[in-house]
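Asker: This is the content of upload-v6.pdb (PDB, C-alpha atoms):
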ATOM      1  CA  MET A   1      -0.812  -8.579  30.001  1.00  0.00           C
ATOM      2  CA  ASN A   2      -2.155  -5.184  28.956  1.00  0.00           C
ATOM      3  CA  ASP A   3       0.353  -3.395  31.191  1.00  0.00           C
ATOM      4  CA  HIS A   4       3.250  -5.208  29.533  1.00  0.00           C
ATOM      5  CA  LEU A   5       1.799  -4.533  26.087  1.00  0.00           C
ATOM      6  CA  ASN A   6       1.292  -0.826  26.819  1.00  0.00           C
ATOM      7  CA  ASN A   7       4.787  -0.579  28.316  1.00  0.00           C
ATOM      8  CA  THR A   8       6.335  -2.445  25.379  1.00  0.00           C
ATOM      9  CA  VAL A   9       4.655  -0.162  22.842  1.00  0.00           C
ATOM     10  CA  ASP A  10       5.578   2.979  24.812  1.00  0.00           C
ATOM     11  CA  ALA A  11       9.228   1.949  25.156  1.00  0.00           C
ATOM     12  CA  PHE A  12       9.453   0.887  21.512  1.00  0.00           C
ATOM     13  CA  ASN A  13       8.014   4.192  20.297  1.00  0.00           C
ATOM     14  CA  ARG A  14      10.522   6.086  22.479  1.00  0.00           C
ATOM     15  CA  ARG A  15      13.202   3.996  20.720  1.00  0.00           C
ATOM     16  CA  ASP A  16      14.176   2.424  24.042  1.00  0.00           C
ATOM     17  CA  PHE A  17      14.525  -1.029  22.513  1.00  0.00           C
ATOM     18  CA  ASN A  18      16.241  -2.476  25.586  1.00  0.00           C
ATOM     19  CA  GLU A  19      13.219  -1.614  27.727  1.00  0.00           C
ATOM     20  CA  ALA A  20      10.822  -2.757  25.010  1.00  0.00           C
ATOM     21  CA  ALA A  21      12.601  -6.127  24.880  1.00  0.00           C
ATOM     22  CA  ARG A  22      12.513  -6.390  28.678  1.00  0.00           C
ATOM     23  CA  GLN A  23       8.792  -5.620  28.803  1.00  0.00           C
ATOM     24  CA  SER A  24       8.005  -8.073  26.012  1.00  0.00           C
ATOM     25  CA  ALA A  25      10.073 -10.764  27.773  1.00  0.00           C
ATOM     26  CA  GLU A  26       8.001 -10.180  30.905  1.00  0.00           C
ATOM     27  CA  GLY A  27       4.834 -10.432  28.827  1.00  0.00           C
ATOM     28  CA  LEU A  28       6.096 -13.719  27.402  1.00  0.00           C
ATOM     29  CA  ALA A  29       6.873 -15.043  30.882  1.00  0.00           C
ATOM     30  CA  GLU A  30       3.244 -14.504  31.901  1.00  0.00           C
ATOM     31  CA  ALA A  31       1.667 -15.642  28.618  1.00  0.00           C
ATOM     32  CA  ARG A  32      -0.202 -18.882  28.120  1.00  0.00           C
ATOM     33  CA  GLY A  33      -1.493 -20.647  25.035  1.00  0.00           C
ATOM     34  CA  ARG A  34      -1.755 -18.595  21.860  1.00  0.00           C
ATOM     35  CA  ASP A  35      -0.499 -15.512  23.699  1.00  0.00           C
ATOM     36  CA  GLU A  36       2.934 -17.154  23.969  1.00  0.00           C
ATOM     37  CA  ALA A  37       3.447 -17.118  20.204  1.00  0.00           C
ATOM     38  CA  PHE A  38       2.322 -13.484  20.044  1.00  0.00           C
ATOM     39  CA  TRP A  39       4.779 -12.434  22.759  1.00  0.00           C
ATOM     40  CA  MET A  40       7.581 -14.454  21.134  1.00  0.00           C
ATOM     41  CA  GLY A  41       6.988 -12.544  17.913  1.00  0.00           C
ATOM     42  CA  LEU A  42       6.904  -9.221  19.706  1.00  0.00           C
ATOM     43  CA  LEU A  43      10.077 -10.087  21.636  1.00  0.00           C
ATOM     44  CA  ASP A  44      11.830 -11.044  18.384  1.00  0.00           C
ATOM     45  CA  ALA A  45      10.815  -7.675  16.905  1.00  0.00           C
ATOM     46  CA  CYS A  46      12.086  -5.720  19.918  1.00  0.00           C
ATOM     47  CA  GLU A  47      15.346  -7.699  19.990  1.00  0.00           C
ATOM     48  CA  GLY A  48      15.749  -7.235  16.248  1.00  0.00           C
ATOM     49  CA  TYR A  49      15.354  -3.480  16.528  1.00  0.00           C
ATOM     50  CA  ARG A  50      17.685  -3.421  19.554  1.00  0.00           C
ATOM     51  CA  LEU A  51      20.337  -5.110  17.405  1.00  0.00           C
ATOM     52  CA  LEU A  52      19.563  -2.788  14.521  1.00  0.00           C
ATOM     53  CA  ALA A  53      20.047   0.266  16.758  1.00  0.00           C
ATOM     54  CA  GLY A  54      23.432  -1.214  17.700  1.00  0.00           C
ATOM     55  CA  LYS A  55      24.302  -1.411  13.992  1.00  0.00           C
ATOM     56  CA  GLN A  56      24.316  -5.217  14.101  1.00  0.00           C
ATOM     57  CA  LEU A  57      22.387  -5.684  10.874  1.00  0.00           C
ATOM     58  CA  ALA A  58      23.452  -9.298  10.290  1.00  0.00           C
ATOM     59  CA  GLN A  59      22.149 -10.328  13.718  1.00  0.00           C
ATOM     60  CA  ALA A  60      19.003  -8.168  13.486  1.00  0.00           C
ATOM     61  CA  GLU A  61      17.793  -9.655  10.209  1.00  0.00           C
ATOM     62  CA  PRO A  62      17.021 -13.216  11.436  1.00  0.00           C
ATOM     63  CA  ARG A  63      15.261 -11.857  14.552  1.00  0.00           C
ATOM     64  CA  LEU A  64      13.041  -9.635  12.405  1.00  0.00           C
ATOM     65  CA  VAL A  65      12.289 -12.501  10.019  1.00  0.00           C
ATOM     66  CA  ALA A  66      11.354 -14.723  12.969  1.00  0.00           C
ATOM     67  CA  SER A  67       9.129 -11.954  14.285  1.00  0.00           C
ATOM     68  CA  MET A  68       7.269 -11.692  10.981  1.00  0.00           C
ATOM     69  CA  GLN A  69       6.803 -15.445  10.810  1.00  0.00           C
ATOM     70  CA  LYS A  70       5.194 -15.495  14.250  1.00  0.00           C
ATOM     71  CA  LEU A  71       3.152 -12.298  14.110  1.00  0.00           C
ATOM     72  CA  ARG A  72       1.630 -12.870  10.675  1.00  0.00           C
ATOM     73  CA  ASN A  73      -0.578 -15.568  12.197  1.00  0.00           C
ATOM     74  CA  PHE A  74      -2.480 -13.012  14.281  1.00  0.00           C
ATOM     75  CA  GLY A  75      -4.456 -11.147  11.624  1.00  0.00           C
ATOM     76  CA  PHE A  76      -5.013  -7.401  11.632  1.00  0.00           C
ATOM     77  CA  ARG A  77      -5.226  -6.927  15.370  1.00  0.00           C
ATOM     78  CA  TYR A  78      -4.483  -9.039  18.432  1.00  0.00           C
ATOM     79  CA  ASN A  79      -5.147  -8.026  22.021  1.00  0.00           C
ATOM     80  CA  ASN A  80      -5.631  -4.435  20.908  1.00  0.00           C
ATOM     81  CA  PHE A  81      -2.226  -4.459  19.130  1.00  0.00           C
ATOM     82  CA  GLU A  82      -2.140  -3.387  15.478  1.00  0.00           C
ATOM     83  CA  VAL A  83      -0.312  -6.385  14.009  1.00  0.00           C
ATOM     84  CA  THR A  84      -0.449  -5.226  10.384  1.00  0.00           C
ATOM     85  CA  VAL A  85       1.247  -1.928  11.269  1.00  0.00           C
ATOM     86  CA  ALA A  86       4.066  -3.797  12.997  1.00  0.00           C
ATOM     87  CA  LEU A  87       4.433  -6.239  10.111  1.00  0.00           C
ATOM     88  CA  ALA A  88       4.626  -3.431   7.555  1.00  0.00           C
ATOM     89  CA  GLY A  89       7.356  -1.723   9.576  1.00  0.00           C
ATOM     90  CA  ILE A  90       9.308  -4.944  10.017  1.00  0.00           C
ATOM     91  CA  ARG A  91       9.094  -5.713   6.297  1.00  0.00           C
ATOM     92  CA  LEU A  92      10.364  -2.228   5.444  1.00  0.00           C
ATOM     93  CA  ALA A  93      13.241  -2.584   7.912  1.00  0.00           C
ATOM     94  CA  LEU A  94      14.182  -5.944   6.385  1.00  0.00           C
ATOM     95  CA  GLU A  95      14.233  -4.434   2.901  1.00  0.00           C
ATOM     96  CA  GLU A  96      16.458  -1.620   4.153  1.00  0.00           C
ATOM     97  CA  ILE A  97      18.805  -4.062   5.918  1.00  0.00           C
ATOM     98  CA  ARG A  98      19.116  -6.114   2.740  1.00  0.00           C
ATOM     99  CA  ASN A  99      19.818  -2.989   0.679  1.00  0.00           C
ATOM    100  CA  VAL A 100      22.568  -1.906   3.057  1.00  0.00           C
ATOM    101  CA  ARG A 101      24.078  -5.372   3.347  1.00  0.00           C
ATOM    102  CA  GLY A 102      23.895  -5.811  -0.433  1.00  0.00           C
ATOM    103  CA  ASP A 103      25.749  -2.528  -0.969  1.00  0.00           C
ATOM    104  CA  ALA A 104      22.779  -0.888  -2.704  1.00  0.00           C
ATOM    105  CA  LYS A 105      22.869   1.680   0.123  1.00  0.00           C
ATOM    106  CA  ARG A 106      25.582   2.793   2.497  1.00  0.00           C
ATOM    107  CA  VAL A 107      23.598   3.464   5.665  1.00  0.00           C
ATOM    108  CA  PHE A 108      20.376   2.280   7.258  1.00  0.00           C
ATOM    109  CA  ASP A 109      17.750   5.034   7.096  1.00  0.00           C
ATOM    110  CA  VAL A 110      16.590   5.322  10.729  1.00  0.00           C
ATOM    111  CA  SER A 111      13.592   7.369   9.641  1.00  0.00           C
ATOM    112  CA  LEU A 112      12.145   4.018   8.525  1.00  0.00           C
ATOM    113  CA  LEU A 113      11.870   2.753  12.105  1.00  0.00           C
ATOM    114  CA  PRO A 114       8.168   2.129  12.690  1.00  0.00           C
ATOM    115  CA  GLN A 115       5.864   3.205  15.467  1.00  0.00           C
ATOM    116  CA  LEU A 116       3.868   0.437  17.102  1.00  0.00           C
ATOM    117  CA  ARG A 117       0.191   1.116  17.728  1.00  0.00           C
ATOM    118  CA  LEU A 118      -2.583  -0.055  19.921  1.00  0.00           C
ATOM    119  CA  ALA A 119      -6.069   0.035  18.446  1.00  0.00           C
ATOM    120  CA  ALA A 120      -8.271   2.879  19.551  1.00  0.00           C
ATOM    121  CA  ARG A 121     -11.261   1.785  21.580  1.00  0.00           C
ATOM    122  CA  ALA A 122     -14.587   3.513  21.366  1.00  0.00           C
ATOM    123  CA  ASP A 123     -16.079   4.613  24.656  1.00  0.00           C
ATOM    124  CA  ASP A 124     -19.292   2.832  25.596  1.00  0.00           C
TER     125      ASP A 124
END
Would you mind writing the structure in this file as structure tokens?

Answerer:
Amino acid sequence: MNDHLNNTVDAFNRRDFNEAARQSAEGLAEARGRDEAFWMGLLDACEGYRLLAGKQLAQAEPRLVASMQKLRNFGFRYNNFEVTVALAGIRLALEEIRNVRGDAKRVFDVSLLPQLRLAARADD
């Protein structure tokens, strides 16, 4: 699972949302129990940002909302993944989508795309 998580985060931060979605789908395929909900949330986020990069704001919004609904159940950190950082970025993206779709803004500000993070581990 850690390989898929590392690969998902790396691809996402390179803005390769297709690869991030593929890696998170592979993580989901191997997940069991509570991990399944985590990977579903991460997959929804990657798919949402993939749609967003394709300027499909109307389709991206429900995927990002679904992602938030799933990931918010995992606290600050889950499996070394900084959940709160991801949630903050998703919330900001949703606000921006709603501003653009509501004609308050003309274009989505891509500088608001978040970076996903893994928690730093102290050496023993």

Asker: Please report the interatomic distance between CA of Gly27 (chain A) and CA of Leu92 (chain A) in Å with one decimal.

Answerer: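 Between these atoms lies a distance of 25.4 Å.
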
Asker: Can you give me, as a list in words, the residues this file yields under the PyMOL selection byres ((chain A and resi 7) around 12)?

Answerer: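 Selected by the PyMOL selection byres ((chain A and resi 7) around 12) here: Met1, Asn2, Asp3, His4, Leu5, Asn6, Thr8, Val9, Asp10, Ala11, Phe12, Asn13, Arg14, Asp16, Phe17, Asn18, Glu19, Ala20, Ala21, Arg22, Gln23, Ser24, Ala25, Glu26, Gly27, Leu116, Arg117 and Leu118 of chain A.
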
Asker: Would you translate the PyMOL selection byres ((chain A and resi 34-42) around 10) into the concrete set of residues it matches in this file, as a PyMOL selection string?

Answerer: chain A and resi 1+5+8-9+20-21+23-33+43-48+63-74+78-79+83+86

Asker: How many Å lie between CA of Leu87 (chain A) and CA of Arg15 (chain A), rounded to one decimal?

Answerer: 17.2 Å

Asker: Using all atoms listed in the file, find the one residue out of A:Asn80, A:Leu94, A:Gly75, A:Gly89 that sits nearest to Leu57 (chain A).

Answerer: A:Leu94

Asker: Would you work out the distance separating CA of Ala119 (chain A) from CA of Glu95 (chain A), expressed in Å to one decimal?

Answerer: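 CA of Ala119 (chain A) sits 26.0 Å away from CA of Glu95 (chain A).
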
Asker: Add whatever atoms are absent from region 59-70 of chain A to reach all heavy atoms, and provide the output as an mmCIF file, in the coordinates of the input.

Answerer:
data_model
loop_
_atom_site.group_PDB
_atom_site.id
_atom_site.type_symbol
_atom_site.label_atom_id
_atom_site.label_comp_id
_atom_site.auth_asym_id
_atom_site.auth_seq_id
_atom_site.Cartn_x
_atom_site.Cartn_y
_atom_site.Cartn_z
ATOM 1 N N GLN A 59 22.824 -9.636 12.620
ATOM 2 C CA GLN A 59 22.149 -10.328 13.718
ATOM 3 C C GLN A 59 20.682 -9.902 13.819
ATOM 4 O O GLN A 59 19.842 -10.670 14.279
ATOM 5 C CB GLN A 59 22.844 -10.046 15.061
ATOM 6 C CG GLN A 59 24.238 -10.616 15.166
ATOM 7 C CD GLN A 59 25.307 -9.726 14.530
ATOM 8 O OE1 GLN A 59 25.043 -8.627 14.067
ATOM 9 N NE2 GLN A 59 26.527 -10.231 14.492
ATOM 10 N N ALA A 60 20.378 -8.681 13.413
ATOM 11 C CA ALA A 60 19.003 -8.168 13.486
ATOM 12 C C ALA A 60 18.096 -8.856 12.466
ATOM 13 O O ALA A 60 16.930 -9.146 12.767
ATOM 14 C CB ALA A 60 18.985 -6.664 13.260
ATOM 15 N N GLU A 61 18.616 -9.116 11.295
ATOM 16 C CA GLU A 61 17.793 -9.655 10.209
ATOM 17 C C GLU A 61 17.072 -10.951 10.582
ATOM 18 O O GLU A 61 15.849 -11.045 10.413
ATOM 19 C CB GLU A 61 18.637 -9.837 8.948
ATOM 20 C CG GLU A 61 17.821 -10.249 7.748
ATOM 21 C CD GLU A 61 18.645 -10.308 6.478
ATOM 22 O OE1 GLU A 61 19.887 -10.089 6.521
ATOM 23 O OE2 GLU A 61 18.048 -10.586 5.432
ATOM 24 N N PRO A 62 17.758 -11.981 11.112
ATOM 25 C CA PRO A 62 17.021 -13.216 11.436
ATOM 26 C C PRO A 62 15.994 -13.023 12.553
ATOM 27 O O PRO A 62 14.955 -13.691 12.561
ATOM 28 C CB PRO A 62 18.110 -14.204 11.852
ATOM 29 C CG PRO A 62 19.346 -13.419 12.045
ATOM 30 C CD PRO A 62 19.192 -12.140 11.309
ATOM 31 N N ARG A 63 16.241 -12.114 13.485
ATOM 32 C CA ARG A 63 15.261 -11.857 14.552
ATOM 33 C C ARG A 63 14.004 -11.216 13.972
ATOM 34 O O ARG A 63 12.884 -11.548 14.356
ATOM 35 C CB ARG A 63 15.842 -10.942 15.638
ATOM 36 C CG ARG A 63 16.948 -11.530 16.474
ATOM 37 C CD ARG A 63 16.589 -12.817 17.213
ATOM 38 N NE ARG A 63 15.598 -12.733 18.245
ATOM 39 C CZ ARG A 63 15.820 -12.695 19.544
ATOM 40 N NH1 ARG A 63 17.059 -12.721 19.984
ATOM 41 N NH2 ARG A 63 14.828 -12.644 20.384
ATOM 42 N N LEU A 64 14.188 -10.288 13.021
ATOM 43 C CA LEU A 64 13.041 -9.635 12.405
ATOM 44 C C LEU A 64 12.264 -10.604 11.518
ATOM 45 O O LEU A 64 11.033 -10.572 11.482
ATOM 46 C CB LEU A 64 13.489 -8.397 11.625
ATOM 47 C CG LEU A 64 14.062 -7.270 12.495
ATOM 48 C CD1 LEU A 64 14.626 -6.156 11.625
ATOM 49 C CD2 LEU A 64 13.003 -6.728 13.450
ATOM 50 N N VAL A 65 12.970 -11.478 10.833
ATOM 51 C CA VAL A 65 12.289 -12.501 10.019
ATOM 52 C C VAL A 65 11.475 -13.423 10.922
ATOM 53 O O VAL A 65 10.308 -13.723 10.633
ATOM 54 C CB VAL A 65 13.313 -13.311 9.178
ATOM 55 C CG1 VAL A 65 12.676 -14.544 8.565
ATOM 56 C CG2 VAL A 65 13.913 -12.431 8.089
ATOM 57 N N ALA A 66 12.065 -13.858 12.021
ATOM 58 C CA ALA A 66 11.354 -14.723 12.969
ATOM 59 C C ALA A 66 10.127 -14.019 13.522
ATOM 60 O O ALA A 66 9.065 -14.629 13.695
ATOM 61 C CB ALA A 66 12.288 -15.147 14.105
ATOM 62 N N SER A 67 10.257 -12.736 13.785
ATOM 63 C CA SER A 67 9.129 -11.954 14.285
ATOM 64 C C SER A 67 7.980 -11.952 13.271
ATOM 65 O O SER A 67 6.824 -12.174 13.630
ATOM 66 C CB SER A 67 9.574 -10.521 14.570
ATOM 67 O OG SER A 67 8.479 -9.729 14.927
ATOM 68 N N MET A 68 8.306 -11.698 12.021
ATOM 69 C CA MET A 68 7.269 -11.692 10.981
ATOM 70 C C MET A 68 6.589 -13.046 10.874
ATOM 71 O O MET A 68 5.369 -13.126 10.735
ATOM 72 C CB MET A 68 7.867 -11.308 9.622
ATOM 73 C CG MET A 68 8.139 -9.844 9.485
ATOM 74 S SD MET A 68 8.665 -9.415 7.821
ATOM 75 C CE MET A 68 7.150 -9.658 6.923
ATOM 76 N N GLN A 69 7.368 -14.107 10.935
ATOM 77 C CA GLN A 69 6.803 -15.445 10.810
ATOM 78 C C GLN A 69 5.815 -15.743 11.926
ATOM 79 O O GLN A 69 4.812 -16.416 11.711
ATOM 80 C CB GLN A 69 7.916 -16.488 10.793
ATOM 81 C CG GLN A 69 8.739 -16.445 9.534
ATOM 82 C CD GLN A 69 9.975 -17.329 9.586
ATOM 83 O OE1 GLN A 69 10.460 -17.657 10.657
ATOM 84 N NE2 GLN A 69 10.489 -17.680 8.417
ATOM 85 N N LYS A 70 6.087 -15.250 13.117
ATOM 86 C CA LYS A 70 5.194 -15.495 14.250
ATOM 87 C C LYS A 70 3.988 -14.563 14.234
ATOM 88 O O LYS A 70 2.853 -14.999 14.440
ATOM 89 C CB LYS A 70 5.960 -15.353 15.564
ATOM 90 C CG LYS A 70 6.975 -16.454 15.770
ATOM 91 C CD LYS A 70 7.849 -16.176 16.979
ATOM 92 C CE LYS A 70 8.916 -17.239 17.100
ATOM 93 N NZ LYS A 70 10.255 -16.703 16.920
#
